[in-house]
Amino acid sequence: MQEKYDHKEIEKKWQKKWQEDNLYKTEDEVKGKENFYTLVEFPYPSGNLHIGHWYAFAVPDIFARTKRMQGYNVMFPIGFDAFGLPAENAAIKHGVDPRKWTYENIAYMEKQLQSMGNSFDWSRKVITSDPEYYKWTQWLFLKLYEKGLAYKKKASVNWCPSCNTVLANEQVVAGKCERCDAEVIQKDLEQWFFKITDYAEDLLSDLDNLKWPEEIKTAQKNWIGKSEGTVLKFEIRNSKSEIKEKIKVFTTRADTLMGATYVVVAPEHPWLTQEILNSKSEIRNKEEIQKYINQTKQKTEIERTNEKKEKTGVEIKGVKVINPANGEEIPVFVADYVLGNYGTGAIMAVPSHDERDMDFAKKYNLPVKEITLDWDLQKFGQKVTKYKLRDWLLSRQRYWGCPIPIVYDPEGKPHPVPKENLPWLLPEDVKDFAPKGESPIATSKELRERVEKIFGEGWKPEYDTMDTFIDSSWYFLRYCDSKNKNEPFDKLRLKKWMPVNRYSGGAEHNTMHLLYSRFFHKALFDLGLVNESEPFIKRMNRALILGPDGQKMSKSKGNVVDPDEMVEKVGSDTVKMYLAFIGPYNETGQYPWDLGGVVGIRRFLERVWKIAAKVNNTPKPPLNLRGGAERSEAGELGVGNKKLENLLHKTIKKVTEDIENYKFNTAISAMMILLNELEKITPHQKSQGEPLTLDMFETFLKLLAPFAPHMTDEIWNSPTSLKLCGANESSIHLEEWPKYDESKIKEENVIIVVQINGKVRAQFEAETGISEKEAQEKALIMPDVQKWLDDKEIKKTIFVLNKIVNFVV
RNA sequence: GCUCGGGUGGUGGAAUGGUAUACACGAAGGACUUAAAAUCCUUUGGUCGCAAGGCCUUGUGGGUUCAAAUCCCACCCCGAGCACCA
């Protein structure tokens with residue numbers, strides 16, 4: 001073994017060796033081993049691995065490696081979420097082909113990922129932009145289409161004027177495009193949707209069965225937005241007092257019905273265009289109403305939903321409605337503070353019980369009626385449940401995505417592309433990718449000709465591509481059967497792996513990817529394609545790594561930490577272990593990158609290296625092989641080694657439990673404590689120490705192996721060190737995870753704290769399991785205790801086994 | 001406004017009813033060195049004290065308990081999600 005810990009040489013060597021030995025290739029079945037599926041969100045091939053990727057992939061690798069050593073058959077796959085806008089934007093800016101840009105980035109990033117030394121099973125790699133992959137994305141889309149879960153409709157949709165494409169509701173954050181921050185506007189367009197709303201109730205109620213952080217569950221609950229209420233019907237009367245029809249309002253407060261002094265309909269309400277603005281209607285201010293509707297349309301979502309904005313509206317003159325509870329005639333307004341796409345698009349206004357209605361009533365001098373609440377008023381309506389969740393808008397007017405496998409006949413009626421024509425290839429003869437409001441694919445001559453050739457003259461292709469969140473809604477299923485040429489995945493094969501045991505990723509996907517995947521999986525379950533209704537049993541959301549200045553890393557701030565540079569300087573093991581040490585992994589906190597912390601980890605590893613060398617170089621007699629250190633004739637360990645053995649077993653327990661809970665930081669600190677003790681007894685340091693036994697050090701190395709896989713394998717296999725004891729010609733990562741012995745964790749002696757009125761006044765050492773009586777007696781004779789008791793009367797004594805004697809005076 | 005997290009040394013954090021500040025960083029002092037780096041040793045929450053030791057301290061104020069960072073109530077602050085959703 002070399003004197004110097006040369007991370008560069010070691011890491012290169014072992015990465016190569018692991019790859020040659022196919023160490024992490026996972027079979028679907030291994031006799032005597034239980035399968036375990038641990039998943040990380042696959043990256044977008046942006047072209048460069050940043051420190052966030054390291055945090056996302058290298059730290060969960062600790063977990064995967066541990067599980068493998070614990071005897072599970074672990075699948076830990078990786079791939080690329082390769083469709084998406086950046087490729088297209090690069091194409092527009094630099095004139096490169098998005099395909100070329102993407103695949104070059106993937107090649108480069110794969111190299112970077114290799115330098116991480118993760119135990120990924122690369123043989124299962126998926127790339128969503130590969131025709132072999134998106135063929136099945138299309139196939140699944142058509143399955144949903146056949147089931148009526150994918151449909152096309154004209155609707156008012158979110159439009160990003162900068163990306164020049166529509167967006168799903170989930171991709172609009174505070175009225176802005178999630179991608180580019182441009183203000184989103186509304187457009188009436190014919191678009192493709194998934195009927196995620198059919199699953200609103202299931203998506204909500206099944207959350208209870210998931211071992212997910214509360215944070216995600218509540219985010220999804222908020223997003224689904226269930227509310228139970230009543231639909232009340234108000235009869236409409238025109239100026240001649242004829243009853244024409246009824247207008248439905250949705251309310252969660254039917255008990256306030258007596259206080260309704262007017263009704264409001266949203267500007268989008270179909271009743272306005274179909275009846276009110278109709279030439280036959282007797283409305284006196286049609287023009288005014290039409291003008292108001294037009295004004296609303298021009299507003300952005302932000303303008304319209306700004307609460308501080310003064311409310312506006314127009315009375316519909318010539319009709320009144322009748323309160324079903326008391327027969328009162330009340331006016332009807334159109335106002336944009338009522339939303340067209342929630343509830344029934346109309347409300348009853350109760351100014352005395354609703355602030356918004358009060359604001360409006362004040363402005364337009366409408367009456368405010370004080371009332372007593374009456375729960376019985378519900379009988380005038382019908383109980384209904386409404387959700388805020390909207391259908392998932394899936395089409396995008398962009399190029400670099402999965403083509404929607406639909407064609408239109410000469411009448412414009414949509415037809416699915418037959419399965420034998422899948423993959424329905426993305427045309428390659430598109431040159432201009434600049435977004436113009438229509439997909440760039442519309443310029444493809446090849447696609448138009450392809451459609452006419454297959455389907456006949458006058459047939460036209462669908463030009464839109466799919467939202468990339470569809471690609472990522474089933475990638476975890478494909479990992480289970482990534483080479484399947486006949487179907488997206490084999491159901492029996494899925495059974496071996498699904499549902500995913502552990503899934504870790506970022507909080508930004510709480511109401512996007514995680515919601516979409518659940519929907520998709522539920523739909524596939526109902527189609528009989530998968531075996532269960534939920535894909536991810538346990539989800540862990542990770543924290544965020546900030547720049548050294550505590551700010552979000554960004555090129556403009558100049559606080560970006562380059563992982564390649566760090567790996568070059570201190571090694572992959574150090575970078576990975578530092579990230580694990582920075583704080584608890586399973587919390588959505590934010591941790592600033594701290595170079596000092598990196599140094600601390602590097603020091604720790606250097607010390608391990610040194611101790612390994614010393615264990616080896618110790619001359620024969622003090623080096624007792626295989627647990628033989630300093631034993632008496634009867635085979636008992638000396639005092640020092642016994643203490644150490646006790647600490648070792650405690651450390652095994654702590655590290656094992658902490659890894660299970662993703663608390664890698666405290667697992668590392670436990671190993672540091674152990675190392676501090678190991679150093680004290682190795683001969684190279686304090687001469688009065690006792691020799692370290694080899695099997696203790698081996699156990700320590702195994703605990704460290706998932707954290708510092710390269711270095712530990714090097715020590716493990718070093719021909720001049722541990723091999724002395726006749727072992728270790730194969731990887732340490734194939735070793736069994738150490739088990740702790742409960743009997744060895746037990747302390748012979750414990751420190752009993754003596755408290756008086758809950759304050760610590762003294763302590764003494766006693767045998768474990770000391771009785772209450774004995775402990776009291778021992779405590780009472782202590783001078784420190786007597787001093788504080790001071791002849792006062794002891795009213796009560798509290799005894800906590802092996803911990804505390806507390807006298808209350 | 002509603003919902004969910006969170007607030008502990010100079011810093012990242014540990015402890016989820018039982019000795020608060022583990023572990024690491026930083027800082028100070030020392031050893032080695034011509035010197036520096038590296039390494040090793042010691043100290044390191046505040047405060048009073050020569051010392052022994054005392055008192056105080058987990059955002060603030062109350063409460064429950066023999067005992068509270070931890071449980072309860074109110075408030076303040078930070079982060080995240082939702083939000084004119086009737």
# chains A, B, ... in the order shown; residues from 1 in each chain; ligands from 1
call {"tool": "residues_around", "arguments": {"residues": "Pro270 (chain A)", "least_positions_apart": "5", "cutoff": "10 Å", "atoms": "only C-alpha atoms (C1' of nucleotides)", "output": "CSV table (one decimal) with N, CA, C and O atoms, in the first residue's frame"}}
result
chain,number,residue,atom,x,y,z
A,265,VAL,N,-72.0,36.1,-12.7
A,265,VAL,CA,-71.5,35.1,-13.6
A,265,VAL,C,-70.1,35.5,-14.1
A,265,VAL,O,-69.9,36.7,-14.2
A,275,GLU,N,-77.3,33.1,-24.7
A,275,GLU,CA,-78.6,33.7,-24.4
A,275,GLU,C,-78.6,35.3,-24.4
A,275,GLU,O,-79.3,35.9,-25.1
A,276,ILE,N,-77.7,35.8,-23.5
A,276,ILE,CA,-77.8,37.2,-23.2
A,276,ILE,C,-77.4,38.1,-24.4
A,276,ILE,O,-78.1,39.1,-24.7
A,340,GLY,N,-64.4,31.4,-14.6
A,340,GLY,CA,-65.2,30.6,-15.5
A,340,GLY,C,-65.0,29.1,-15.4
A,340,GLY,O,-65.8,28.3,-15.6
A,345,GLY,N,-69.1,28.4,-12.6
A,345,GLY,CA,-68.8,29.7,-13.3
A,345,GLY,C,-69.7,30.8,-12.9
A,345,GLY,O,-69.8,31.8,-13.5
call {"tool": "closest_atom_pairs", "arguments": {"of": "chain B", "to": "chain A", "cutoff": "12 Å", "atoms": "only C-alpha atoms (C1' of nucleotides)", "output": "JSON lines"}}
result
{"residue": "B:G1", "atom": "C1'", "partner": "A:Glu307", "partner_atom": "CA", "distance": 10.8}
{"residue": "B:C2", "atom": "C1'", "partner": "A:Asn222", "partner_atom": "CA", "distance": 9.9}
{"residue": "B:U3", "atom": "C1'", "partner": "A:Thr218", "partner_atom": "CA", "distance": 7.1}
{"residue": "B:C4", "atom": "C1'", "partner": "A:Glu215", "partner_atom": "CA", "distance": 5.4}
{"residue": "B:G5", "atom": "C1'", "partner": "A:Glu215", "partner_atom": "CA", "distance": 7.1}
{"residue": "B:G6", "atom": "C1'", "partner": "A:Gly589", "partner_atom": "CA", "distance": 8.8}
{"residue": "B:U11", "atom": "C1'", "partner": "A:Asp594", "partner_atom": "CA", "distance": 9.3}
{"residue": "B:G12", "atom": "C1'", "partner": "A:Ile582", "partner_atom": "CA", "distance": 6.2}
{"residue": "B:G13", "atom": "C1'", "partner": "A:Gly583", "partner_atom": "CA", "distance": 6.5}
{"residue": "B:A14", "atom": "C1'", "partner": "A:Thr666", "partner_atom": "CA", "distance": 7.7}
{"residue": "B:A15", "atom": "C1'", "partner": "A:Thr666", "partner_atom": "CA", "distance": 11.1}
{"residue": "B:G17", "atom": "C1'", "partner": "A:Val800", "partner_atom": "CA", "distance": 12.0}
{"residue": "B:G18", "atom": "C1'", "partner": "A:Ile804", "partner_atom": "CA", "distance": 6.9}
{"residue": "B:U19", "atom": "C1'", "partner": "A:Val753", "partner_atom": "CA", "distance": 6.7}
{"residue": "B:A22", "atom": "C1'", "partner": "A:Ser669", "partner_atom": "CA", "distance": 8.2}
{"residue": "B:C23", "atom": "C1'", "partner": "A:Ser669", "partner_atom": "CA", "distance": 4.6}
{"residue": "B:A24", "atom": "C1'", "partner": "A:Gly600", "partner_atom": "CA", "distance": 6.4}
{"residue": "B:C25", "atom": "C1'", "partner": "A:Gly596", "partner_atom": "CA", "distance": 5.4}
{"residue": "B:G26", "atom": "C1'", "partner": "A:Gly596", "partner_atom": "CA", "distance": 8.1}
{"residue": "B:A38", "atom": "C1'", "partner": "A:Arg603", "partner_atom": "CA", "distance": 10.8}
{"residue": "B:U39", "atom": "C1'", "partner": "A:Arg603", "partner_atom": "CA", "distance": 10.4}
{"residue": "B:C40", "atom": "C1'", "partner": "A:Gln685", "partner_atom": "CA", "distance": 9.6}
{"residue": "B:C41", "atom": "C1'", "partner": "A:Lys686", "partner_atom": "CA", "distance": 11.7}
{"residue": "B:G53", "atom": "C1'", "partner": "A:Asp784", "partner_atom": "CA", "distance": 11.4}
{"residue": "B:G54", "atom": "C1'", "partner": "A:Arg761", "partner_atom": "CA", "distance": 11.6}
{"residue": "B:U65", "atom": "C1'", "partner": "A:Gly758", "partner_atom": "CA", "distance": 10.4}
{"residue": "B:C66", "atom": "C1'", "partner": "A:Val808", "partner_atom": "CA", "distance": 5.9}
{"residue": "B:A67", "atom": "C1'", "partner": "A:Gly758", "partner_atom": "CA", "distance": 5.0}
{"residue": "B:A68", "atom": "C1'", "partner": "A:Gly758", "partner_atom": "CA", "distance": 11.1}
{"residue": "B:C78", "atom": "C1'", "partner": "A:Gly589", "partner_atom": "CA", "distance": 11.8}
{"residue": "B:G79", "atom": "C1'", "partner": "A:Gly589", "partner_atom": "CA", "distance": 8.4}
{"residue": "B:A80", "atom": "C1'", "partner": "A:Thr588", "partner_atom": "CA", "distance": 8.8}
{"residue": "B:G81", "atom": "C1'", "partner": "A:Ala219", "partner_atom": "CA", "distance": 5.6}
{"residue": "B:C82", "atom": "C1'", "partner": "A:Asn222", "partner_atom": "CA", "distance": 5.9}
{"residue": "B:A83", "atom": "C1'", "partner": "A:Thr305", "partner_atom": "CA", "distance": 9.1}
{"residue": "B:C84", "atom": "C1'", "partner": "A:Tyr337", "partner_atom": "CA", "distance": 5.1}
{"residue": "B:C85", "atom": "C1'", "partner": "A:Tyr342", "partner_atom": "CA", "distance": 6.3}
{"residue": "B:A86", "atom": "C1'", "partner": "A:Thr251", "partner_atom": "CA", "distance": 5.7}
call {"tool": "atom_distance", "arguments": {"atom1": "CA of Thr197 (chain A)", "atom2": "CA of Ala523 (chain A)"}}
result
11.6 Å
call {"tool": "select_by_dssp", "arguments": {"residues": "region 326-439 of chain A", "states": "strand (DSSP E)", "output": "ChimeraX atom specification"}}
result
/A:329-335,346-349,381-386,392-393,395-396,406-408,414-416
call {"tool": "residues_around", "arguments": {"residues": "Ile293 (chain A)", "least_positions_apart": "6", "cutoff": "12 Å", "atoms": "only C-alpha atoms (C1' of nucleotides)", "output": "NGL selection string"}}
result
:A and (265-270 or 272-273 or 277 or 286-287 or 299 or 312-314 or 333-336 or 340)
call {"tool": "write_last_selection", "arguments": {"atoms": "C-alpha atoms", "output": "short mmCIF file (atom, residue, chain, number, x, y, z; two decimals), in the first residue's frame"}}
result
data_model
loop_
_atom_site.label_atom_id
_atom_site.label_comp_id
_atom_site.auth_asym_id
_atom_site.auth_seq_id
_atom_site.Cartn_x
_atom_site.Cartn_y
_atom_site.Cartn_z
CA VAL A 265 -71.49 35.09 -13.60
CA ALA A 266 -67.97 34.84 -14.96
CA PRO A 267 -67.23 36.61 -18.27
CA GLU A 268 -66.54 33.17 -19.80
CA HIS A 269 -69.94 31.81 -18.84
CA PRO A 270 -71.53 30.20 -21.93
CA LEU A 272 -73.70 35.06 -21.87
CA THR A 273 -72.90 34.26 -25.48
CA LEU A 277 -75.88 38.49 -26.28
CA LYS A 286 -75.58 44.14 -24.66
CA GLU A 287 -72.81 46.35 -25.99
CA LYS A 299 -55.97 40.74 -19.32
CA THR A 312 -65.16 45.54 -11.77
CA GLY A 313 -68.36 44.28 -13.34
CA VAL A 314 -71.44 45.12 -15.36
CA PHE A 333 -73.83 40.89 -12.79
CA VAL A 334 -70.99 39.78 -14.97
CA ALA A 335 -67.68 40.31 -13.19
CA ASP A 336 -64.20 38.89 -13.62
CA GLY A 340 -65.20 30.62 -15.50
#
call {"tool": "residues_around", "arguments": {"residues": "region 55-59 of chain B", "least_positions_apart": "3", "cutoff": "9 Å", "atoms": "only C-alpha atoms (C1' of nucleotides)", "output": "ChimeraX atom specification"}}
result
/B:7-8,20-21,45-48,69,76-77
call {"tool": "atom_distance", "arguments": {"atom1": "CA of Asp198 (chain A)", "atom2": "CA of Ala82 (chain A)"}}
result
29.2 Å
call {"tool": "closest_residue", "arguments": {"among": "A:Thr372, A:Asn802, A:Ser482, A:Asn278", "to": "Arg124 (chain A)", "atoms": "only C-alpha atoms"}}
result
A:Ser482
call {"tool": "residues_around", "arguments": {"residues": "Tyr475 (chain A)", "least_positions_apart": "2", "cutoff": "10 Å", "atoms": "only C-alpha atoms (C1' of nucleotides)", "output": "PyMOL selection string"}}
result
chain A and resi 41-42+78-81+125-128+133+137+470-473+477-480+482+488+517
call {"tool": "write_last_selection", "arguments": {"atoms": "C-alpha atoms", "output": "short mmCIF file (atom, residue, chain, number, x, y, z; two decimals), in the first residue's frame"}}
result
data_model
loop_
_atom_site.label_atom_id
_atom_site.label_comp_id
_atom_site.auth_asym_id
_atom_site.auth_seq_id
_atom_site.Cartn_x
_atom_site.Cartn_y
_atom_site.Cartn_z
CA GLU A 41 -34.96 11.47 -10.95
CA PHE A 42 -33.14 11.16 -14.25
CA ILE A 78 -30.03 5.93 -14.71
CA GLY A 79 -31.09 7.53 -17.96
CA PHE A 80 -31.77 10.84 -19.63
CA ASP A 81 -34.91 12.94 -19.88
CA LYS A 125 -30.22 3.15 -19.48
CA VAL A 126 -33.15 4.88 -21.16
CA ILE A 127 -33.07 8.00 -23.31
CA THR A 128 -36.53 9.44 -23.86
CA TYR A 133 -38.27 4.72 -26.19
CA THR A 137 -44.58 6.72 -25.16
CA ILE A 470 -45.26 12.48 -20.37
CA ASP A 471 -41.86 10.98 -21.22
CA SER A 472 -40.95 11.07 -17.54
CA SER A 473 -44.29 9.70 -16.38
CA LEU A 477 -41.39 1.32 -15.70
CA ARG A 478 -39.13 1.07 -18.72
CA TYR A 479 -36.07 0.61 -16.49
CA CYS A 480 -37.63 -2.69 -15.41
CA SER A 482 -35.56 -1.52 -21.00
CA PRO A 488 -43.25 -0.97 -23.35
CA SER A 517 -46.67 10.02 -12.81
#
call {"tool": "residues_around", "arguments": {"residues": "Trp18 (chain A)", "least_positions_apart": "3", "cutoff": "10 Å", "atoms": "only C-alpha atoms (C1' of nucleotides)", "output": "ChimeraX atom specification"}}
result
/A:13-15,21-25,117,119,710,731,733
call {"tool": "atom_distance", "arguments": {"atom1": "CA of Glu301 (chain A)", "atom2": "CA of Val264 (chain A)"}}
result
19.5 Å
call {"tool": "residues_around", "arguments": {"residues": "region 61-69 of chain A", "least_positions_apart": "3", "cutoff": "7 Å", "atoms": "only C-alpha atoms (C1' of nucleotides)", "output": "ChimeraX atom specification"}}
result
/A:38,57-58,72-74,76,118-119,659,706-707,733-737
call {"tool": "write_last_selection", "arguments": {"atoms": "N, CA and C atoms", "output": "mmCIF file, in the first residue's frame"}}
result
data_model
loop_
_atom_site.group_PDB
_atom_site.id
_atom_site.type_symbol
_atom_site.label_atom_id
_atom_site.label_comp_id
_atom_site.auth_asym_id
_atom_site.auth_seq_id
_atom_site.Cartn_x
_atom_site.Cartn_y
_atom_site.Cartn_z
ATOM 1 N N THR A 38 -34.373 1.244 -6.100
ATOM 2 C CA THR A 38 -34.141 2.605 -5.614
ATOM 3 C C THR A 38 -33.882 3.516 -6.813
ATOM 4 N N PHE A 57 -27.441 12.436 -7.130
ATOM 5 C CA PHE A 57 -27.097 11.058 -7.511
ATOM 6 C C PHE A 57 -26.079 10.397 -6.588
ATOM 7 N N ALA A 58 -25.053 11.148 -6.203
ATOM 8 C CA ALA A 58 -23.958 10.520 -5.450
ATOM 9 C C ALA A 58 -24.392 10.148 -4.039
ATOM 10 N N TYR A 72 -29.725 -7.325 -0.553
ATOM 11 C CA TYR A 72 -30.809 -7.139 -1.519
ATOM 12 C C TYR A 72 -30.260 -7.160 -2.935
ATOM 13 N N ASN A 73 -31.098 -7.549 -3.857
ATOM 14 C CA ASN A 73 -30.786 -7.421 -5.277
ATOM 15 C C ASN A 73 -31.283 -6.032 -5.681
ATOM 16 N N VAL A 74 -30.335 -5.079 -5.735
ATOM 17 C CA VAL A 74 -30.708 -3.671 -5.857
ATOM 18 C C VAL A 74 -30.659 -3.193 -7.296
ATOM 19 N N PHE A 76 -30.550 0.168 -9.381
ATOM 20 C CA PHE A 76 -30.283 1.605 -9.242
ATOM 21 C C PHE A 76 -29.960 2.138 -10.639
ATOM 22 N N ASN A 118 -20.588 6.050 -9.176
ATOM 23 C CA ASN A 118 -21.850 5.528 -8.646
ATOM 24 C C ASN A 118 -22.065 4.081 -9.047
ATOM 25 N N SER A 119 -22.906 3.395 -8.293
ATOM 26 C CA SER A 119 -23.187 1.997 -8.606
ATOM 27 C C SER A 119 -24.402 1.872 -9.525
ATOM 28 N N ILE A 659 -28.524 5.379 7.761
ATOM 29 C CA ILE A 659 -28.570 5.245 6.301
ATOM 30 C C ILE A 659 -30.005 4.931 5.873
ATOM 31 N N PRO A 706 -19.811 2.275 1.457
ATOM 32 C CA PRO A 706 -20.777 2.966 0.613
ATOM 33 C C PRO A 706 -20.492 4.465 0.483
ATOM 34 N N PHE A 707 -19.796 5.029 1.467
ATOM 35 C CA PHE A 707 -19.523 6.466 1.471
ATOM 36 C C PHE A 707 -18.283 6.806 0.656
ATOM 37 N N HIS A 733 -17.346 -4.183 -1.995
ATOM 38 C CA HIS A 733 -18.778 -3.932 -2.185
ATOM 39 C C HIS A 733 -19.575 -5.224 -2.343
ATOM 40 N N LEU A 734 -18.857 -6.332 -2.410
ATOM 41 C CA LEU A 734 -19.543 -7.622 -2.443
ATOM 42 C C LEU A 734 -19.615 -8.240 -1.052
ATOM 43 N N GLU A 735 -19.045 -7.532 -0.090
ATOM 44 C CA GLU A 735 -19.045 -8.044 1.283
ATOM 45 C C GLU A 735 -20.426 -7.883 1.917
ATOM 46 N N GLU A 736 -20.599 -8.614 3.002
ATOM 47 C CA GLU A 736 -21.850 -8.511 3.733
ATOM 48 C C GLU A 736 -21.787 -7.313 4.676
ATOM 49 N N TRP A 737 -22.895 -6.641 4.816
ATOM 50 C CA TRP A 737 -22.979 -5.488 5.724
ATOM 51 C C TRP A 737 -22.830 -5.972 7.177
#
